[in-house]
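One file, work07.pdb, carrying PDB, C-alpha atoms and all ligand atoms:
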MODEL        1
ATOM      1  CA  THR A  19       0.000   0.000   0.000  1.00  0.00           C
ATOM      2  CA  ILE A  20       1.407   3.363  -0.997  1.00  0.00           C
ATOM      3  CA  TYR A  21       0.383   6.365   1.113  1.00  0.00           C
ATOM      4  CA  PRO A  22       1.022  10.009   0.170  1.00  0.00           C
ATOM      5  CA  ASP A  23       3.236  10.313   3.257  1.00  0.00           C
ATOM      6  CA  SER A  24       4.508   8.431   6.308  1.00  0.00           C
ATOM      7  CA  GLU A  25       2.217  10.377   8.639  1.00  0.00           C
ATOM      8  CA  LEU A  26      -0.973   9.024   7.042  1.00  0.00           C
ATOM      9  CA  ALA A  27       0.564   5.577   6.763  1.00  0.00           C
ATOM     10  CA  SER A  28       1.600   5.462  10.432  1.00  0.00           C
ATOM     11  CA  VAL A  29      -1.837   6.544  11.630  1.00  0.00           C
ATOM     12  CA  ALA A  30      -3.488   3.873   9.474  1.00  0.00           C
ATOM     13  CA  VAL A  31      -1.175   1.126  10.775  1.00  0.00           C
ATOM     14  CA  ALA A  32      -1.818   2.224  14.382  1.00  0.00           C
ATOM     15  CA  ARG A  33      -5.550   1.898  13.742  1.00  0.00           C
ATOM     16  CA  ASP A  34      -5.050  -1.625  12.306  1.00  0.00           C
ATOM     17  CA  ILE A  35      -3.043  -2.650  15.368  1.00  0.00           C
ATOM     18  CA  VAL A  36      -5.722  -1.406  17.753  1.00  0.00           C
ATOM     19  CA  GLN A  37      -8.361  -3.256  15.766  1.00  0.00           C
ATOM     20  CA  LEU A  38      -6.343  -6.460  16.089  1.00  0.00           C
ATOM     21  CA  MET A  39      -5.903  -5.849  19.833  1.00  0.00           C
ATOM     22  CA  GLN A  40      -9.657  -5.431  20.235  1.00  0.00           C
ATOM     23  CA  GLN A  41     -10.373  -8.521  18.183  1.00  0.00           C
ATOM     24  CA  ARG A  42      -8.030 -10.621  20.322  1.00  0.00           C
ATOM     25  CA  GLN A  43      -9.573  -9.113  23.472  1.00  0.00           C
ATOM     26  CA  ALA A  44     -13.047 -10.113  22.269  1.00  0.00           C
ATOM     27  CA  GLU A  45     -11.722 -13.648  21.757  1.00  0.00           C
ATOM     28  CA  GLY A  46     -10.367 -13.607  25.311  1.00  0.00           C
ATOM     29  CA  ARG A  47      -6.796 -14.007  24.093  1.00  0.00           C
ATOM     30  CA  PRO A  48      -3.699 -11.854  24.376  1.00  0.00           C
ATOM     31  CA  CYS A  49      -2.495  -9.902  21.363  1.00  0.00           C
ATOM     32  CA  VAL A  50       1.149 -10.717  20.662  1.00  0.00           C
ATOM     33  CA  LEU A  51       3.015  -8.012  18.771  1.00  0.00           C
ATOM     34  CA  GLY A  52       6.515  -8.205  17.298  1.00  0.00           C
ATOM     35  CA  LEU A  53       8.074  -4.744  17.470  1.00  0.00           C
ATOM     36  CA  ALA A  54      10.836  -2.962  15.585  1.00  0.00           C
ATOM     37  CA  THR A  55      13.079  -0.031  16.427  1.00  0.00           C
ATOM     38  CA  GLY A  56      14.709   2.595  14.218  1.00  0.00           C
ATOM     39  CA  SER A  57      13.330   5.908  12.987  1.00  0.00           C
ATOM     40  CA  THR A  58      10.658   4.250  10.821  1.00  0.00           C
ATOM     41  CA  PRO A  59       8.096   3.185  13.481  1.00  0.00           C
ATOM     42  CA  THR A  60       8.458   6.199  15.816  1.00  0.00           C
ATOM     43  CA  ARG A  61       5.388   7.986  14.443  1.00  0.00           C
ATOM     44  CA  LEU A  62       3.417   4.754  14.690  1.00  0.00           C
ATOM     45  CA  TYR A  63       4.360   4.412  18.373  1.00  0.00           C
ATOM     46  CA  GLU A  64       3.478   8.052  18.997  1.00  0.00           C
ATOM     47  CA  GLU A  65       0.035   7.407  17.546  1.00  0.00           C
ATOM     48  CA  LEU A  66      -0.444   4.302  19.717  1.00  0.00           C
ATOM     49  CA  VAL A  67       0.452   6.452  22.752  1.00  0.00           C
ATOM     50  CA  ARG A  68      -2.092   9.067  21.642  1.00  0.00           C
ATOM     51  CA  LEU A  69      -4.787   6.418  21.225  1.00  0.00           C
ATOM     52  CA  HIS A  70      -4.058   5.241  24.770  1.00  0.00           C
ATOM     53  CA  GLN A  71      -3.951   8.706  26.333  1.00  0.00           C
ATOM     54  CA  GLU A  72      -6.791  10.362  24.437  1.00  0.00           C
ATOM     55  CA  GLU A  73      -9.051   7.483  23.472  1.00  0.00           C
ATOM     56  CA  GLY A  74      -8.489   5.126  26.369  1.00  0.00           C
ATOM     57  CA  VAL A  75      -7.111   2.240  24.330  1.00  0.00           C
ATOM     58  CA  SER A  76      -5.651  -0.292  26.776  1.00  0.00           C
ATOM     59  CA  PHE A  77      -2.523  -2.403  26.219  1.00  0.00           C
ATOM     60  CA  GLN A  78      -3.095  -4.655  29.247  1.00  0.00           C
ATOM     61  CA  ASN A  79      -3.907  -7.470  26.849  1.00  0.00           C
ATOM     62  CA  VAL A  80      -0.759  -6.985  24.762  1.00  0.00           C
ATOM     63  CA  ILE A  81       2.456  -9.014  24.862  1.00  0.00           C
ATOM     64  CA  THR A  82       5.444  -7.718  22.902  1.00  0.00           C
ATOM     65  CA  PHE A  83       8.669  -9.186  21.560  1.00  0.00           C
ATOM     66  CA  ASN A  84      11.265  -6.885  20.075  1.00  0.00           C
ATOM     67  CA  LEU A  85      13.260  -8.008  17.092  1.00  0.00           C
ATOM     68  CA  ASP A  86      16.763  -7.151  18.115  1.00  0.00           C
ATOM     69  CA  GLU A  87      19.316  -5.398  20.305  1.00  0.00           C
ATOM     70  CA  TYR A  88      22.899  -4.297  19.799  1.00  0.00           C
ATOM     71  CA  TYR A  89      25.514  -6.569  21.368  1.00  0.00           C
ATOM     72  CA  PRO A  90      26.947  -5.969  23.821  1.00  0.00           C
ATOM     73  CA  MET A  91      24.551  -3.344  25.114  1.00  0.00           C
ATOM     74  CA  ALA A  92      23.575  -2.239  28.628  1.00  0.00           C
ATOM     75  CA  PRO A  93      19.818  -1.593  28.903  1.00  0.00           C
ATOM     76  CA  ASP A  94      20.340   1.887  30.398  1.00  0.00           C
ATOM     77  CA  SER A  95      22.737   2.930  27.668  1.00  0.00           C
ATOM     78  CA  LEU A  96      21.622   5.868  25.478  1.00  0.00           C
ATOM     79  CA  GLN A  97      21.512   3.728  22.322  1.00  0.00           C
ATOM     80  CA  SER A  98      19.924   0.578  23.740  1.00  0.00           C
ATOM     81  CA  TYR A  99      16.708  -0.640  22.176  1.00  0.00           C
ATOM     82  CA  VAL A 100      15.384  -1.156  25.709  1.00  0.00           C
ATOM     83  CA  ARG A 101      15.712   2.566  26.264  1.00  0.00           C
ATOM     84  CA  PHE A 102      14.290   3.324  22.809  1.00  0.00           C
ATOM     85  CA  MET A 103      11.173   1.251  23.380  1.00  0.00           C
ATOM     86  CA  HIS A 104      10.526   2.736  26.812  1.00  0.00           C
ATOM     87  CA  GLU A 105      11.024   6.256  25.539  1.00  0.00           C
ATOM     88  CA  TYR A 106       8.778   5.937  22.490  1.00  0.00           C
ATOM     89  CA  LEU A 107       6.148   3.519  23.737  1.00  0.00           C
ATOM     90  CA  PHE A 108       6.226   1.509  26.947  1.00  0.00           C
ATOM     91  CA  ASP A 109       6.585   4.386  29.431  1.00  0.00           C
ATOM     92  CA  HIS A 110       3.443   6.023  28.045  1.00  0.00           C
ATOM     93  CA  ILE A 111       0.997   3.115  27.858  1.00  0.00           C
ATOM     94  CA  ASP A 112      -0.471   0.631  30.344  1.00  0.00           C
ATOM     95  CA  ILE A 113       1.355  -2.475  29.112  1.00  0.00           C
ATOM     96  CA  ARG A 114       2.285  -4.876  31.941  1.00  0.00           C
ATOM     97  CA  PRO A 115       6.075  -4.869  32.447  1.00  0.00           C
ATOM     98  CA  GLU A 116       6.138  -8.673  32.485  1.00  0.00           C
ATOM     99  CA  ASN A 117       4.620  -8.695  28.987  1.00  0.00           C
ATOM    100  CA  VAL A 118       7.549  -6.796  27.443  1.00  0.00           C
ATOM    101  CA  HIS A 119      10.393  -8.825  25.898  1.00  0.00           C
ATOM    102  CA  ILE A 120      13.544  -7.347  24.348  1.00  0.00           C
ATOM    103  CA  PRO A 121      16.681  -9.343  23.496  1.00  0.00           C
ATOM    104  CA  ASP A 122      19.187  -9.048  26.341  1.00  0.00           C
ATOM    105  CA  GLY A 123      22.381  -7.346  25.216  1.00  0.00           C
ATOM    106  CA  THR A 124      24.102  -8.185  28.514  1.00  0.00           C
ATOM    107  CA  VAL A 125      24.272 -12.000  28.315  1.00  0.00           C
ATOM    108  CA  SER A 126      27.769 -13.432  27.892  1.00  0.00           C
ATOM    109  CA  ALA A 127      28.799 -14.531  24.395  1.00  0.00           C
ATOM    110  CA  GLY A 128      28.713 -18.148  25.562  1.00  0.00           C
ATOM    111  CA  GLU A 129      25.103 -17.758  26.704  1.00  0.00           C
ATOM    112  CA  VAL A 130      23.667 -16.099  23.606  1.00  0.00           C
ATOM    113  CA  ALA A 131      22.703 -19.366  21.910  1.00  0.00           C
ATOM    114  CA  ASP A 132      20.824 -20.416  25.044  1.00  0.00           C
ATOM    115  CA  PHE A 133      19.249 -16.995  25.323  1.00  0.00           C
ATOM    116  CA  GLY A 134      18.052 -17.246  21.699  1.00  0.00           C
ATOM    117  CA  ARG A 135      16.412 -20.602  22.332  1.00  0.00           C
ATOM    118  CA  ARG A 136      14.658 -19.287  25.442  1.00  0.00           C
ATOM    119  CA  TYR A 137      13.460 -16.175  23.600  1.00  0.00           C
ATOM    120  CA  GLU A 138      11.905 -18.338  20.899  1.00  0.00           C
ATOM    121  CA  GLN A 139      10.326 -20.627  23.496  1.00  0.00           C
ATOM    122  CA  GLN A 140       8.736 -17.603  25.150  1.00  0.00           C
ATOM    123  CA  ILE A 141       7.192 -16.602  21.814  1.00  0.00           C
ATOM    124  CA  VAL A 142       5.815 -20.109  21.270  1.00  0.00           C
ATOM    125  CA  ALA A 143       4.536 -20.296  24.869  1.00  0.00           C
ATOM    126  CA  VAL A 144       2.191 -17.333  24.322  1.00  0.00           C
ATOM    127  CA  GLY A 145       0.891 -18.745  21.043  1.00  0.00           C
ATOM    128  CA  GLY A 146       3.223 -17.083  18.542  1.00  0.00           C
ATOM    129  CA  ILE A 147       3.319 -13.553  17.166  1.00  0.00           C
ATOM    130  CA  ASP A 148       0.003 -12.260  15.795  1.00  0.00           C
ATOM    131  CA  LEU A 149       1.487  -9.253  14.018  1.00  0.00           C
ATOM    132  CA  GLN A 150       5.125  -8.459  13.349  1.00  0.00           C
ATOM    133  CA  ILE A 151       6.065  -4.854  12.599  1.00  0.00           C
ATOM    134  CA  LEU A 152       9.216  -4.459  10.509  1.00  0.00           C
ATOM    135  CA  GLY A 153      11.397  -1.725   9.110  1.00  0.00           C
ATOM    136  CA  ILE A 154      14.099  -2.409   6.547  1.00  0.00           C
ATOM    137  CA  GLY A 155      17.779  -1.513   6.507  1.00  0.00           C
ATOM    138  CA  ARG A 156      19.581  -0.333   3.387  1.00  0.00           C
ATOM    139  CA  THR A 157      21.420  -3.686   3.302  1.00  0.00           C
ATOM    140  CA  GLY A 158      18.083  -5.491   2.964  1.00  0.00           C
ATOM    141  CA  HIS A 159      18.077  -6.504   6.631  1.00  0.00           C
ATOM    142  CA  ILE A 160      14.930  -7.129   8.635  1.00  0.00           C
ATOM    143  CA  GLY A 161      15.620  -7.057  12.357  1.00  0.00           C
ATOM    144  CA  PHE A 162      19.396  -7.264  12.130  1.00  0.00           C
ATOM    145  CA  ASN A 163      19.386 -10.156   9.650  1.00  0.00           C
ATOM    146  CA  GLU A 164      22.182  -8.885   7.460  1.00  0.00           C
ATOM    147  CA  PRO A 165      23.045 -10.215   3.981  1.00  0.00           C
ATOM    148  CA  GLY A 166      23.990 -13.878   4.344  1.00  0.00           C
ATOM    149  CA  SER A 167      20.988 -14.616   6.603  1.00  0.00           C
ATOM    150  CA  GLY A 168      18.935 -17.521   5.298  1.00  0.00           C
ATOM    151  CA  PRO A 169      15.193 -18.194   5.539  1.00  0.00           C
ATOM    152  CA  ALA A 170      15.662 -20.773   8.315  1.00  0.00           C
ATOM    153  CA  SER A 171      17.808 -18.546  10.567  1.00  0.00           C
ATOM    154  CA  ARG A 172      16.760 -18.240  14.223  1.00  0.00           C
ATOM    155  CA  THR A 173      17.408 -15.819  17.105  1.00  0.00           C
ATOM    156  CA  ARG A 174      21.186 -15.472  17.316  1.00  0.00           C
ATOM    157  CA  LEU A 175      24.248 -13.278  17.449  1.00  0.00           C
ATOM    158  CA  ILE A 176      25.109 -11.594  14.143  1.00  0.00           C
ATOM    159  CA  THR A 177      27.922  -9.382  12.845  1.00  0.00           C
ATOM    160  CA  LEU A 178      26.597  -6.059  11.604  1.00  0.00           C
ATOM    161  CA  ASP A 179      27.171  -5.037   8.005  1.00  0.00           C
ATOM    162  CA  GLN A 180      29.441  -2.056   7.423  1.00  0.00           C
ATOM    163  CA  ILE A 181      26.572  -0.091   5.796  1.00  0.00           C
ATOM    164  CA  THR A 182      24.400  -0.662   8.872  1.00  0.00           C
ATOM    165  CA  ARG A 183      27.198   0.577  11.150  1.00  0.00           C
ATOM    166  CA  THR A 184      27.596   3.680   8.971  1.00  0.00           C
ATOM    167  CA  ASP A 185      23.831   4.317   9.150  1.00  0.00           C
ATOM    168  CA  ALA A 186      23.950   4.010  12.961  1.00  0.00           C
ATOM    169  CA  ALA A 187      27.026   6.234  13.346  1.00  0.00           C
ATOM    170  CA  SER A 188      25.153   9.407  14.291  1.00  0.00           C
ATOM    171  CA  ASP A 189      23.281   7.599  17.105  1.00  0.00           C
ATOM    172  CA  PHE A 190      26.630   6.549  18.571  1.00  0.00           C
ATOM    173  CA  PHE A 191      28.538   9.798  17.972  1.00  0.00           C
ATOM    174  CA  GLY A 192      30.848   8.138  15.449  1.00  0.00           C
ATOM    175  CA  GLU A 193      31.049   4.890  13.528  1.00  0.00           C
ATOM    176  CA  GLU A 194      33.902   3.605  15.699  1.00  0.00           C
ATOM    177  CA  ASN A 195      31.485   3.501  18.650  1.00  0.00           C
ATOM    178  CA  VAL A 196      28.809   1.421  16.896  1.00  0.00           C
ATOM    179  CA  PRO A 197      28.794  -2.160  18.239  1.00  0.00           C
ATOM    180  CA  ARG A 198      30.051  -4.740  15.754  1.00  0.00           C
ATOM    181  CA  ARG A 199      27.398  -7.274  16.654  1.00  0.00           C
ATOM    182  CA  ALA A 200      23.739  -7.613  17.572  1.00  0.00           C
ATOM    183  CA  ILE A 201      21.246 -10.215  18.777  1.00  0.00           C
ATOM    184  CA  THR A 202      18.379 -10.600  16.339  1.00  0.00           C
ATOM    185  CA  MET A 203      15.359 -12.800  15.773  1.00  0.00           C
ATOM    186  CA  GLY A 204      16.085 -14.875  12.679  1.00  0.00           C
ATOM    187  CA  VAL A 205      14.384 -14.649   9.292  1.00  0.00           C
ATOM    188  CA  GLY A 206      12.766 -17.995  10.135  1.00  0.00           C
ATOM    189  CA  THR A 207      11.527 -16.608  13.446  1.00  0.00           C
ATOM    190  CA  ILE A 208      10.019 -13.587  11.707  1.00  0.00           C
ATOM    191  CA  LEU A 209       8.337 -15.705   9.033  1.00  0.00           C
ATOM    192  CA  GLU A 210       6.458 -17.620  11.755  1.00  0.00           C
ATOM    193  CA  ALA A 211       4.422 -14.525  12.670  1.00  0.00           C
ATOM    194  CA  ARG A 212       0.801 -14.900  11.525  1.00  0.00           C
ATOM    195  CA  ALA A 213       0.887 -11.497   9.803  1.00  0.00           C
ATOM    196  CA  ILE A 214       3.676  -9.081   8.951  1.00  0.00           C
ATOM    197  CA  VAL A 215       3.608  -5.352   8.207  1.00  0.00           C
ATOM    198  CA  LEU A 216       6.801  -3.837   6.807  1.00  0.00           C
ATOM    199  CA  LEU A 217       7.129  -0.059   6.811  1.00  0.00           C
ATOM    200  CA  ALA A 218       9.548   2.010   4.716  1.00  0.00           C
ATOM    201  CA  TRP A 219       9.744   5.755   4.226  1.00  0.00           C
ATOM    202  CA  GLY A 220      11.829   8.076   2.105  1.00  0.00           C
ATOM    203  CA  GLU A 221      13.928   7.953  -1.031  1.00  0.00           C
ATOM    204  CA  GLY A 222      16.827   6.363   0.859  1.00  0.00           C
ATOM    205  CA  LYS A 223      14.815   3.122   1.022  1.00  0.00           C
ATOM    206  CA  ALA A 224      13.542   3.127  -2.599  1.00  0.00           C
ATOM    207  CA  ALA A 225      16.319   0.922  -4.016  1.00  0.00           C
ATOM    208  CA  VAL A 226      16.133  -1.737  -1.301  1.00  0.00           C
ATOM    209  CA  VAL A 227      12.312  -1.723  -1.406  1.00  0.00           C
ATOM    210  CA  LYS A 228      12.475  -2.515  -5.122  1.00  0.00           C
ATOM    211  CA  ARG A 229      14.911  -5.392  -4.503  1.00  0.00           C
ATOM    212  CA  MET A 230      12.736  -6.724  -1.660  1.00  0.00           C
ATOM    213  CA  VAL A 231       9.498  -6.641  -3.654  1.00  0.00           C
ATOM    214  CA  GLU A 232      10.646  -7.366  -7.204  1.00  0.00           C
ATOM    215  CA  GLY A 233      13.966  -9.178  -6.808  1.00  0.00           C
ATOM    216  CA  ALA A 234      14.575 -12.916  -6.576  1.00  0.00           C
ATOM    217  CA  MET A 235      14.642 -14.416  -3.073  1.00  0.00           C
ATOM    218  CA  THR A 236      18.216 -14.480  -1.886  1.00  0.00           C
ATOM    219  CA  ASP A 237      20.344 -14.499   1.269  1.00  0.00           C
ATOM    220  CA  SER A 238      21.986 -11.323  -0.104  1.00  0.00           C
ATOM    221  CA  VAL A 239      18.735  -9.426   0.533  1.00  0.00           C
ATOM    222  CA  PRO A 240      17.125 -11.240   3.491  1.00  0.00           C
ATOM    223  CA  ALA A 241      13.949  -9.121   3.242  1.00  0.00           C
ATOM    224  CA  THR A 242      13.182 -10.902  -0.066  1.00  0.00           C
ATOM    225  CA  TYR A 243      12.155 -13.946   2.008  1.00  0.00           C
ATOM    226  CA  LEU A 244       9.057 -12.033   3.045  1.00  0.00           C
ATOM    227  CA  GLN A 245       7.784 -12.934  -0.438  1.00  0.00           C
ATOM    228  CA  LYS A 246       7.245 -16.464   0.956  1.00  0.00           C
ATOM    229  CA  HIS A 247       4.852 -15.250   3.664  1.00  0.00           C
ATOM    230  CA  PRO A 248       1.091 -15.526   2.984  1.00  0.00           C
ATOM    231  CA  HIS A 249       0.072 -12.447   5.025  1.00  0.00           C
ATOM    232  CA  VAL A 250       2.597  -9.683   4.525  1.00  0.00           C
ATOM    233  CA  ARG A 251       1.787  -6.062   3.797  1.00  0.00           C
ATOM    234  CA  VAL A 252       4.374  -3.539   2.628  1.00  0.00           C
ATOM    235  CA  ILE A 253       3.396  -0.001   3.624  1.00  0.00           C
ATOM    236  CA  LEU A 254       5.288   2.743   1.821  1.00  0.00           C
ATOM    237  CA  ASP A 255       5.261   6.464   1.325  1.00  0.00           C
ATOM    238  CA  GLU A 256       5.567   7.702  -2.251  1.00  0.00           C
ATOM    239  CA  ALA A 257       9.307   8.285  -2.002  1.00  0.00           C
ATOM    240  CA  ALA A 258      10.062   4.732  -0.838  1.00  0.00           C
ATOM    241  CA  ALA A 259       7.831   3.368  -3.643  1.00  0.00           C
ATOM    242  CA  ALA A 260       9.471   5.514  -6.340  1.00  0.00           C
ATOM    243  CA  GLU A 261      11.468   2.705  -7.976  1.00  0.00           C
ATOM    244  CA  LEU A 262       8.721   0.083  -8.072  1.00  0.00           C
TER     245      LEU A 262
HETATM  246  C1  LIG A 301      17.823  -0.752  12.461  1.00  0.00           C
HETATM  247  C2  LIG A 301      16.967  -1.873  13.115  1.00  0.00           C
HETATM  248  C3  LIG A 301      15.979  -2.435  12.143  1.00  0.00           C
HETATM  249  C4  LIG A 301      15.390  -1.280  11.378  1.00  0.00           C
HETATM  250  C5  LIG A 301      16.440  -0.718  10.450  1.00  0.00           C
HETATM  251  C6  LIG A 301      16.050   0.556   9.734  1.00  0.00           C
HETATM  252  O1  LIG A 301      19.158  -0.902  12.602  1.00  0.00           O
HETATM  253  N1  LIG A 301      17.692  -2.947  13.727  1.00  0.00           N
HETATM  254  O2  LIG A 301      15.001  -3.201  12.832  1.00  0.00           O
HETATM  255  O3  LIG A 301      14.299  -1.695  10.624  1.00  0.00           O
HETATM  256  O4  LIG A 301      17.692  -0.633  11.064  1.00  0.00           O
HETATM  257  O5  LIG A 301      16.215   1.687  10.539  1.00  0.00           O
HETATM  258  P1  LIG A 301      15.442   3.043  10.251  1.00  0.00           P
HETATM  259  O6  LIG A 301      14.010   2.774  10.545  1.00  0.00           O
HETATM  260  O7  LIG A 301      16.044   4.030  11.203  1.00  0.00           O
HETATM  261  O8  LIG A 301      15.681   3.377   8.822  1.00  0.00           O
ENDMDL
END
Reformat the file's structure so that it appears as structure tokens.
Amino acid sequence: TIYPDSELASVAVARDIVQLMQQRQAEGRPCVLGLATGSTPTRLYEELVRLHQEEGVSFQNVITFNLDEYYPMAPDSLQSYVRFMHEYLFDHIDIRPENVHIPDGTVSAGEVADFGRRYEQQIVAVGGIDLQILGIGRTGHIGFNEPGSGPASRTRLITLDQITRTDAASDFFGEENVPRRAITMGVGTILEARAIVLLAWGEGKAAVVKRMVEGAMTDSVPATYLQKHPHVRVILDEAAAAEL
């Protein structure tokens, strides 16, 4: 779906999420959301906060799993995704703290594999992800599944692509400060969500959006594996759709 701008698109996606939450509530089941970080979903989160504060939408029924976290990363660090999620969303809504899950950037390297397995088990234990929100990196990553990530990949430690580290440089006050690794849900993990919504804004994403939507499925552009999923929506502004 191509919207005139990211503002209209974000508001529409927020409305869809609330509708899903209400549907799950009516069924007496929790709504399990997979969440992304980055600049792309910030307006969406702001709108969810507004719907909570001004329209009384409750998130007590919502369970969330974030896609990824830099590694190593302390949760109270300025650039942590824990901090990001609290700042943009969790601190302003009534979600139960025990329902929030974000990959732990403090586990030792030897424990990451175990951590990944437990994270996936937690997702399965609540019935799987109902809706996964995604952005896309210029390398074609979803989460932090950089080029080389296959369709069966699971939650694990990954080495960040140089382009991704360059794109993150301003957040870290210089590329040399950007972590070299991250923990990310795998492509396989993401594809298990019942529905997926990928958001992309701006001309900087136009080339990778074209490769994702029109290119052959390949490990070199992990987002192409979304083509395999039966319920995926790609939500773009006009600039991101310019090369389609
Ligand atoms: C980040 C995140 C991704 C995100 C992507 C795009 O590094 N790990 O989940 O989708 O890169 O970021 P942005 O939305 O700022 O363009």
| said: What does the list of residues within 9 Å of ligand LIG 301 (chain A) look like if you count only C-alpha atoms and all ligand atoms, written as a VMD selection string? | reply: chain A and resid 53 to 60 84 to 88 99 152 to 156 159 to 163 182 to 183 185 to 186 200 202 216 to 219 222 to 223
Just need the box for stretch 132-145 of chain A, edges along x, y and z, holding every atom the file lists for it with 6 Å tacked onto each side, so centre and edge lengths in Å to one decimal, as JSON.
{"center_x": 10.9, "center_y": -18.4, "center_z": 23.2, "size_x": 31.9, "size_y": 16.5, "size_z": 16.5}
| said: I'd like the neighbourhood of stretch 118-132 of chain A as a PyMOL selection string, where a residue qualifies if any of its atoms comes within 7 Å (using only C-alpha atoms), though same-chain residues fewer than 2 positions away should be ignored. | reply: chain A and resi 81-84+86-92+100+115-116+134-136+174-175+201
Residues near A:Arg251, anyone? I mean within 8 Å using only C-alpha atoms, not counting same-chain ones fewer than 2 positions away, as a PDB file with C-alpha atoms, in the frame of the given file.
ATOM      1  CA  THR A  19       0.000   0.000   0.000  1.00  0.00           C
ATOM      2  CA  ILE A 214       3.676  -9.081   8.951  1.00  0.00           C
ATOM      3  CA  VAL A 215       3.608  -5.352   8.207  1.00  0.00           C
ATOM      4  CA  LEU A 216       6.801  -3.837   6.807  1.00  0.00           C
ATOM      5  CA  HIS A 249       0.072 -12.447   5.025  1.00  0.00           C
ATOM      6  CA  ILE A 253       3.396  -0.001   3.624  1.00  0.00           C
TER       7      ILE A 253
END
Determine, for each residue of stretch 76-117 of chain A having at least one atom at most 9 Å from an atom of stretch 30-46 of chain A, the closest pair of atoms and their separation in Å to one decimal, counting only C-alpha atoms; order by chain and ascending number, as a tab-separated table.
residue	atom	partner	partner_atom	distance
A:Ser76	CA	A:Met39	CA	8.9
A:Phe77	CA	A:Met39	CA	8.0
A:Asn79	CA	A:Gln43	CA	6.8
A:Val80	CA	A:Met39	CA	7.2
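Comparing the minimum interatomic distances between A:Tyr106 and each of A:Leu66, A:Ala170, A:Val231, A:Val205, counting all atoms listed in the file, we find that A:Leu66 sits nearest.
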